[in-house]
Every structure is written in structure tokens, then in C-alpha cells.
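As C-alpha cells, the structure follows; a few thoughts come after it.
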Amino acid sequence: MIEVKGVEKYFDEEGGRRQVLYDINAKFYDGKTNLIIGQSGSGKTVLVKNIVGLFKPDKGQILYDGRDITAMDRKQLKELRNEIGMLFQGSALFDSETVMGNVMFPLKMFSSMSAEEQRDRAQFCIDRVNLTGSENKFPSELSGGMQKRAAIARAIALNPRYLFCDEPNSGLDPKTSIVIDELLSDITHDFGITTIINTHDMNSVMGIGENIVFINKGHVGWTGNKDEIYNVDNDDLNNFVYATDLFRDVRKYRREHGYKPTRL
Amino acid sequence: MIRSLNSFGNYCMFLWRTIGIPEKWREFIKRYLNEMTKLGIDSIPLIIIVSLFIGSLCTILIKLNITNPLLPRYAVGMTTREIILLEFSSSILCLILSGKIGSNIASEIGTMRVTEQIDALDIMGINSANFLVMPKIAGLVTIMPFLVIICMGTSLFGGYLICVLTGIVSTDTYIYGIQTMFIEWYVWFALIKSLFFAFIISSISAYYGYTVQGGSTDVGKASTDAVVMSNIMILLVDVVLTKLMLQ
């Protein structure tokens, strides 16, 4: 489990300091798809970057199963990072490497496996994300969805305990988004990983939101799950989740007819 | 002033992160050899073309400007050699190469930064500065003296070629000139200078690429800034080294 306790973050700007995160408290559970949702500019990416250690919070603690990342020295941080996998918004695959090369990269750097074992493990991960046959393709030869899947394969290569995904559905069509969501959900449950997904895709919220943290203007606006989000009376959250007439109408209809929350 | 000091401080901290023992020697050596090929071997055609022309031009211009009948004809070869050994083969060559190599390094690393590939390395627990930049610095510093030697030879051959083609000076006189009053230390001087310049080009360009923020426009700007700053630093260090090593 990852626990965020009283995290605050400021950025220095020409006019002075600007606070981006205000006293953030949240818990992200093992074996569950934990979603951080919020509008663009609400601070959710800054929160994720604080959690993974790319930014250092100005105040507060971030506990990985009791280990505080904000108090770790370089060696401890390096050890922890071997337990973390991350899927970036733009996939962040290495241009000069094939899919196989990308997935094998963390294995080459950190595992004590033989070359053959590394290849077998990489092939397992590639098969797991349904990219069999694309092993020798370069990232530029893949579609957006395939790049995301290759990045997921790389992220899970070292069997991480914690998986972070920064807007995994950005730039993807709705059908491919569902494929990626389901893949992340399956991997989370199969391997018992603590998965944190940073998203503003409402279909993801309704489809895989087992634990949801809503960030609004740098504050935690609400926490719950996809079943609760359906009936919550929080104006900020409702304005965000049901931002369009279509969503509002569907919600009204489904509530009246007793439907369970699902994707649109 | 404060901004410049701030940048210099950041550059020093960047070097502190960069220069260290590689995490995986095997991976480092693979990248090191690759960088030597990419930055050094691939620059040889450019070096040969530029050196041939500069060597020829030096010979022609020196011949045109030596009008004093008291000066021996072999002074053309001798002066061409001195110019090539003392300045062209190291400083001017590195200024030219900073355009090619510097922009290559800055844009490659800058693109990796804006596409989050460097963040991906950091998240994996890899020292991205060391992993990406150290092979480039080591590779260029290793290969640069060889490039300088190629430049010296090709430039002097360019001068010889122009003598053959135009007959402005006889080839025997030219060859006698480039051998007369030869000071071996000048070759070492050029080679030592080139090591400093290789370090400047690779580290400054990598710094500009590594610290890019924004998108493709910013990568282009960083690439230009890297070349400009590398050139300024090469000239500055050239003056200092010349003063220290030749006087």
C-alpha cells in the first residue's frame, strides 16, 4: 500500500511561490486499480511525480508499505525504484531500441538473469500485452495503442510491486482505451500490484475505478470507488465527472432505472 | 550575472552526476563504442573535406602574401604547417565539429527529455546523466586526438595538392618547408588542446539537452545555444591554454 500523508508542494515562479498541492492525504491499495482523477491543471500529475520521487514534496510523507520515500537516501531510493514500473503519457519508449530491446532494457540493467532468461521474460511480457509478432519493430512503426502496450510490457518486466500510469488513454480511441484499461486491471489483479492511474477519462473511472481520489485545485476533493461516484453529492466532482449533457442524462436515466455503474 | 553563476552551478552539479563509475560496464562499453563511431568516425568525411580545402587555401594565401624576396620559398610550407598545427587542426576543427557534434548531442538528449525517456530512466533507478552522457564525453575525448591527426595530415596534403595542381610552389620546396624547423611539441600541444575541446563540446551540449524544458522548439533553441556556448568556451580555453603551454 502507498500512503500519502499531508503532502504539500510549491513551485518557485517569478512573482513568488505558487502552491500546487495542499495537505494531500490518500491511500492506494494493493491489488486494486487506484485512480487519481481531476481536471487538467488540478495538480494530479504533480502529485504522481511526488509519489514516484521525480519531485520532492515541500511537506508531508509518502509511505511505500511504511517506507518514507521523502526520507530515503540515494541508495534506498534506487532500491525502491527497482520495485516501481511506470507508464508515461507519451509511452517514453527508447527510439533506438526495438520492442524487444525496450522490454529487455530493465532486465539487462537490473536483473542477474542470463541473456536467454532475459529474452524469455521479455517475450512473456510482450505476449501478456498481446504484442506477439511486434518484437522486432521500432516504436516509430507502432500505433499509439501498441506503443502503450509495449510500454506496459517494459513497466512490468521486472515484476514491480508498484505500477504508475500517467494518463494511459490520452490520444487513444475509445475502443483502444478500453483495451488498455482492461489490460491494466488484469495485470493489477493477476500480479497483486499497487497500481495508480492518473486519468481524466470518465470511461476508465466507471470501468476500473476501484479506489478513486479526486483532486480539485490542489486539494483532495473526494475519495471513494466507482459505485459510490454514481450517487455522490459533491458539486465539484459532479461538474467534473458529468461535464456533458450526455453524461448527465445517462446518469439520470440509469439512477432512475437502478443500473449499476458501467462504461458508457 | 547571477543567472550566469546559477547556470554554471547547475552545469557543475550536472557534471557531478555525470562523471562516475558506470552502473553496468558492459552496457557502458557498448554505448561508448557506439558514440565513438557516431560522433567521431562519422565525422571523418567532413574533416577530410574541410581540411583539404583549408590546407589548400592556407598555401595559396601564404604564397600570395609572402612578397618579400628575402624570405625563402620554403616559408610557404613552413608557415602552412605552423598554422595547421597550432590553430587549425585543434581549435578551428573543434569549432567546426561543435556545430555538427554539439547540435547532435543536444538535440538527441533534448528530445529524450521532452519525450520523457529520461524520466523513464530515472524512474527505473538509473542515473540518467551518467548513463546517457558519460559514454558521449568519454567517446569524444578518446576519438578527438585521432580526428586531429587526420586533420593535420589531410590539411598538409591539401597544401601539397594545390602545389601539384597550380605549381605556385614546387612540391620539393613545399615538402622541405613543412619539415624545416619542426617543433614536435606543437603536435602535442594540438592534441592536448583537443582533449579539452572534446570535453567542452560534449559536456556543454549534453547539459543544454538534458535541461531542456518544453517541446520541439525548445530542443531547437537548446541545440543552437549549445553550439554558441561551446564555441565561446573553446575560444576562451584556447587563449588560456596557448598562454599556459606556449609561453
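In the C-alpha cells, each chain is lettered A, B, ... as it comes, each chain's residues begin at 1, and ligands are numbered from 1 in order of appearance.
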message = Would you pick out the contacts of region 219-227 of chain B at 6 Å or less, using only C-alpha atoms, so that residues sharing its chain but fewer than 2 positions from it are not included, and give the list as JSON, numbers by chain?
response = {"B": [98, 99, 102, 103, 106, 107, 110, 205, 208, 216, 217, 229, 230]}
Dump as a compact mmCIF listing (two decimals) with N, CA and C atoms, in the first residue's frame the residues of chain B that approach chain A to within 6 Å, counting only C-alpha atoms.
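That gives us out.txt:
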```txt
# COMPACT_ATOMS: atom_id res chain seq x y z
N THR B 115 10.39 13.88 -24.48
CA THR B 115 9.51 12.72 -24.68
C THR B 115 9.53 11.79 -23.45
N GLU B 116 10.03 12.29 -22.35
CA GLU B 116 10.01 11.61 -21.04
C GLU B 116 10.87 10.34 -20.98
N GLN B 117 11.74 10.16 -21.98
CA GLN B 117 12.60 8.96 -21.95
C GLN B 117 13.61 9.06 -20.80
N MET B 124 13.39 4.13 -13.34
CA MET B 124 13.94 2.76 -13.21
C MET B 124 15.08 2.72 -12.19
N GLY B 125 15.51 3.88 -11.72
CA GLY B 125 16.61 3.91 -10.75
C GLY B 125 17.96 4.02 -11.41
```
ask   = Where does DSSP see alpha helix (DSSP H) in region 107-222 of chain A, if you list the residues as a ChimeraX atom specification?
value = /A:107-110,115-128,144-156,174-191,202-208
query = Hey, which of A:Val205, A:Cys125, A:Ile229, A:Ile24 ends up closest to Ile187 (chain A)? Count only C-alpha atoms.
reply = A:Cys125
ask   = So which bits of region 12-165 of chain A end up strand (DSSP E or B) when you DSSP the backbone, as a ChimeraX atom specification?
value = /A:12-13,16-28,33-37,59-64,67-68,84-87,162-165
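Checking B:Ile60, B:Val228, B:Cys12, B:Leu97 one by one against Leu140 (chain B), counting only C-alpha atoms, you find the shortest gap at B:Leu97.
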ask   = Neighbours of region 190-201 of chain B within 10 Å (only C-alpha atoms; same-chain residues fewer than 5 positions away dropped), as a PyMOL selection string?
value = chain B and resi 84-91+93-95+97-99+101-103+105-106+136-149+152+185+206+226-227+229-231+233-235+237-238+241-242+245
Can you write out the residues you just picked, keeping C-alpha atoms, as an mmCIF file, in the first residue's frame?
```
data_model
loop_
_atom_site.group_PDB
_atom_site.id
_atom_site.type_symbol
_atom_site.label_atom_id
_atom_site.label_comp_id
_atom_site.auth_asym_id
_atom_site.auth_seq_id
_atom_site.Cartn_x
_atom_site.Cartn_y
_atom_site.Cartn_z
ATOM 1 C CA ILE B 84 47.673 23.954 -39.181
ATOM 2 C CA LEU B 85 49.449 22.523 -36.154
ATOM 3 C CA LEU B 86 48.907 25.461 -33.827
ATOM 4 C CA GLU B 87 45.364 26.552 -34.593
ATOM 5 C CA PHE B 88 43.508 24.890 -37.413
ATOM 6 C CA SER B 89 43.834 21.208 -36.556
ATOM 7 C CA SER B 90 42.649 21.694 -32.994
ATOM 8 C CA SER B 91 40.765 24.946 -32.382
ATOM 9 C CA LEU B 93 38.429 21.982 -36.341
ATOM 10 C CA CYS B 94 36.707 21.790 -32.949
ATOM 11 C CA LEU B 95 34.729 24.941 -33.707
ATOM 12 C CA LEU B 97 32.823 19.971 -35.134
ATOM 13 C CA SER B 98 30.927 21.680 -32.326
ATOM 14 C CA GLY B 99 28.326 22.606 -34.950
ATOM 15 C CA ILE B 101 28.530 17.063 -32.876
ATOM 16 C CA GLY B 102 27.226 19.643 -30.400
ATOM 17 C CA SER B 103 23.864 20.039 -32.090
ATOM 18 C CA ILE B 105 24.190 15.660 -28.765
ATOM 19 C CA ALA B 106 21.930 18.491 -27.585
ATOM 20 C CA LYS B 136 29.440 10.584 -25.134
ATOM 21 C CA ILE B 137 32.095 12.508 -23.193
ATOM 22 C CA ALA B 138 34.418 9.501 -22.947
ATOM 23 C CA GLY B 139 33.860 8.575 -26.596
ATOM 24 C CA LEU B 140 34.528 12.050 -27.971
ATOM 25 C CA VAL B 141 37.541 12.684 -25.731
ATOM 26 C CA THR B 142 39.027 9.370 -26.878
ATOM 27 C CA ILE B 143 38.433 9.837 -30.583
ATOM 28 C CA MET B 144 39.212 13.562 -30.874
ATOM 29 C CA PRO B 145 43.051 13.274 -30.936
ATOM 30 C CA PHE B 146 42.749 10.828 -33.841
ATOM 31 C CA LEU B 147 40.492 13.273 -35.673
ATOM 32 C CA VAL B 148 43.077 15.990 -35.081
ATOM 33 C CA ILE B 149 45.836 13.791 -36.510
ATOM 34 C CA MET B 152 46.780 17.608 -39.710
ATOM 35 C CA TRP B 185 55.762 19.977 -29.058
ATOM 36 C CA ALA B 206 24.718 17.406 -23.187
ATOM 37 C CA ALA B 226 24.761 24.581 -27.022
ATOM 38 C CA VAL B 227 26.759 25.288 -30.179
ATOM 39 C CA MET B 229 28.243 28.343 -25.793
ATOM 40 C CA SER B 230 30.614 25.545 -26.859
ATOM 41 C CA ASN B 231 32.244 27.881 -29.402
ATOM 42 C CA MET B 233 34.190 28.272 -24.329
ATOM 43 C CA ILE B 234 36.510 26.713 -26.933
ATOM 44 C CA LEU B 235 37.884 30.140 -27.836
ATOM 45 C CA VAL B 237 40.050 27.917 -23.248
ATOM 46 C CA ASP B 238 42.177 28.194 -26.400
ATOM 47 C CA LEU B 241 45.933 27.065 -22.947
ATOM 48 C CA THR B 242 48.012 28.889 -25.553
ATOM 49 C CA MET B 245 51.550 25.990 -22.837
#
```
key: Near-region 22-30 of chain B list (8 Å; only C-alpha atoms; drop same-chain fewer than 6 positions) as JSON, numbers by chain   = {"A": [109], "B": [126, 130, 131, 135]}
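The coordinates place CA of Lys27 (chain A) at 7.1 Å from CA of Met1 (chain A).
If you look at CA of Gly221 (chain A) and CA of Leu35 (chain A), they are 13.3 Å away from each other.
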inquiry  = List as a PyMOL selection string the protein and nucleic acid residues near region 96-98 of chain A, meaning an atom at most 10 Å away when only C-alpha atoms are counted, but skip any in the same chain fewer than 4 places from it.
reply    = chain A and resi 102-105+134-141+150
task = May I have the residues within 7 Å of Val129 (chain A) as number ranges by chain, using only C-alpha atoms and disregarding those fewer than 3 positions away in the same chain?
result = A: 125-126, 149, 153
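When CA of Cys165 (chain A) is paired with CA of Gly144 (chain A), their separation reads 15.1 Å.
Minimum distance to Asp65 (chain A) across A:Val220, A:Ile2, A:Val213, A:Ala157 (counting only C-alpha atoms) occurs at A:Ile2.
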query = Which neighbours of Phe247 (chain A) fall inside 10 Å, counting only C-alpha atoms, when residues of the same chain fewer than 5 positions from it are skipped, and could you give them as a PyMOL selection string?
reply = chain A and resi 202+241-242+252-253+264
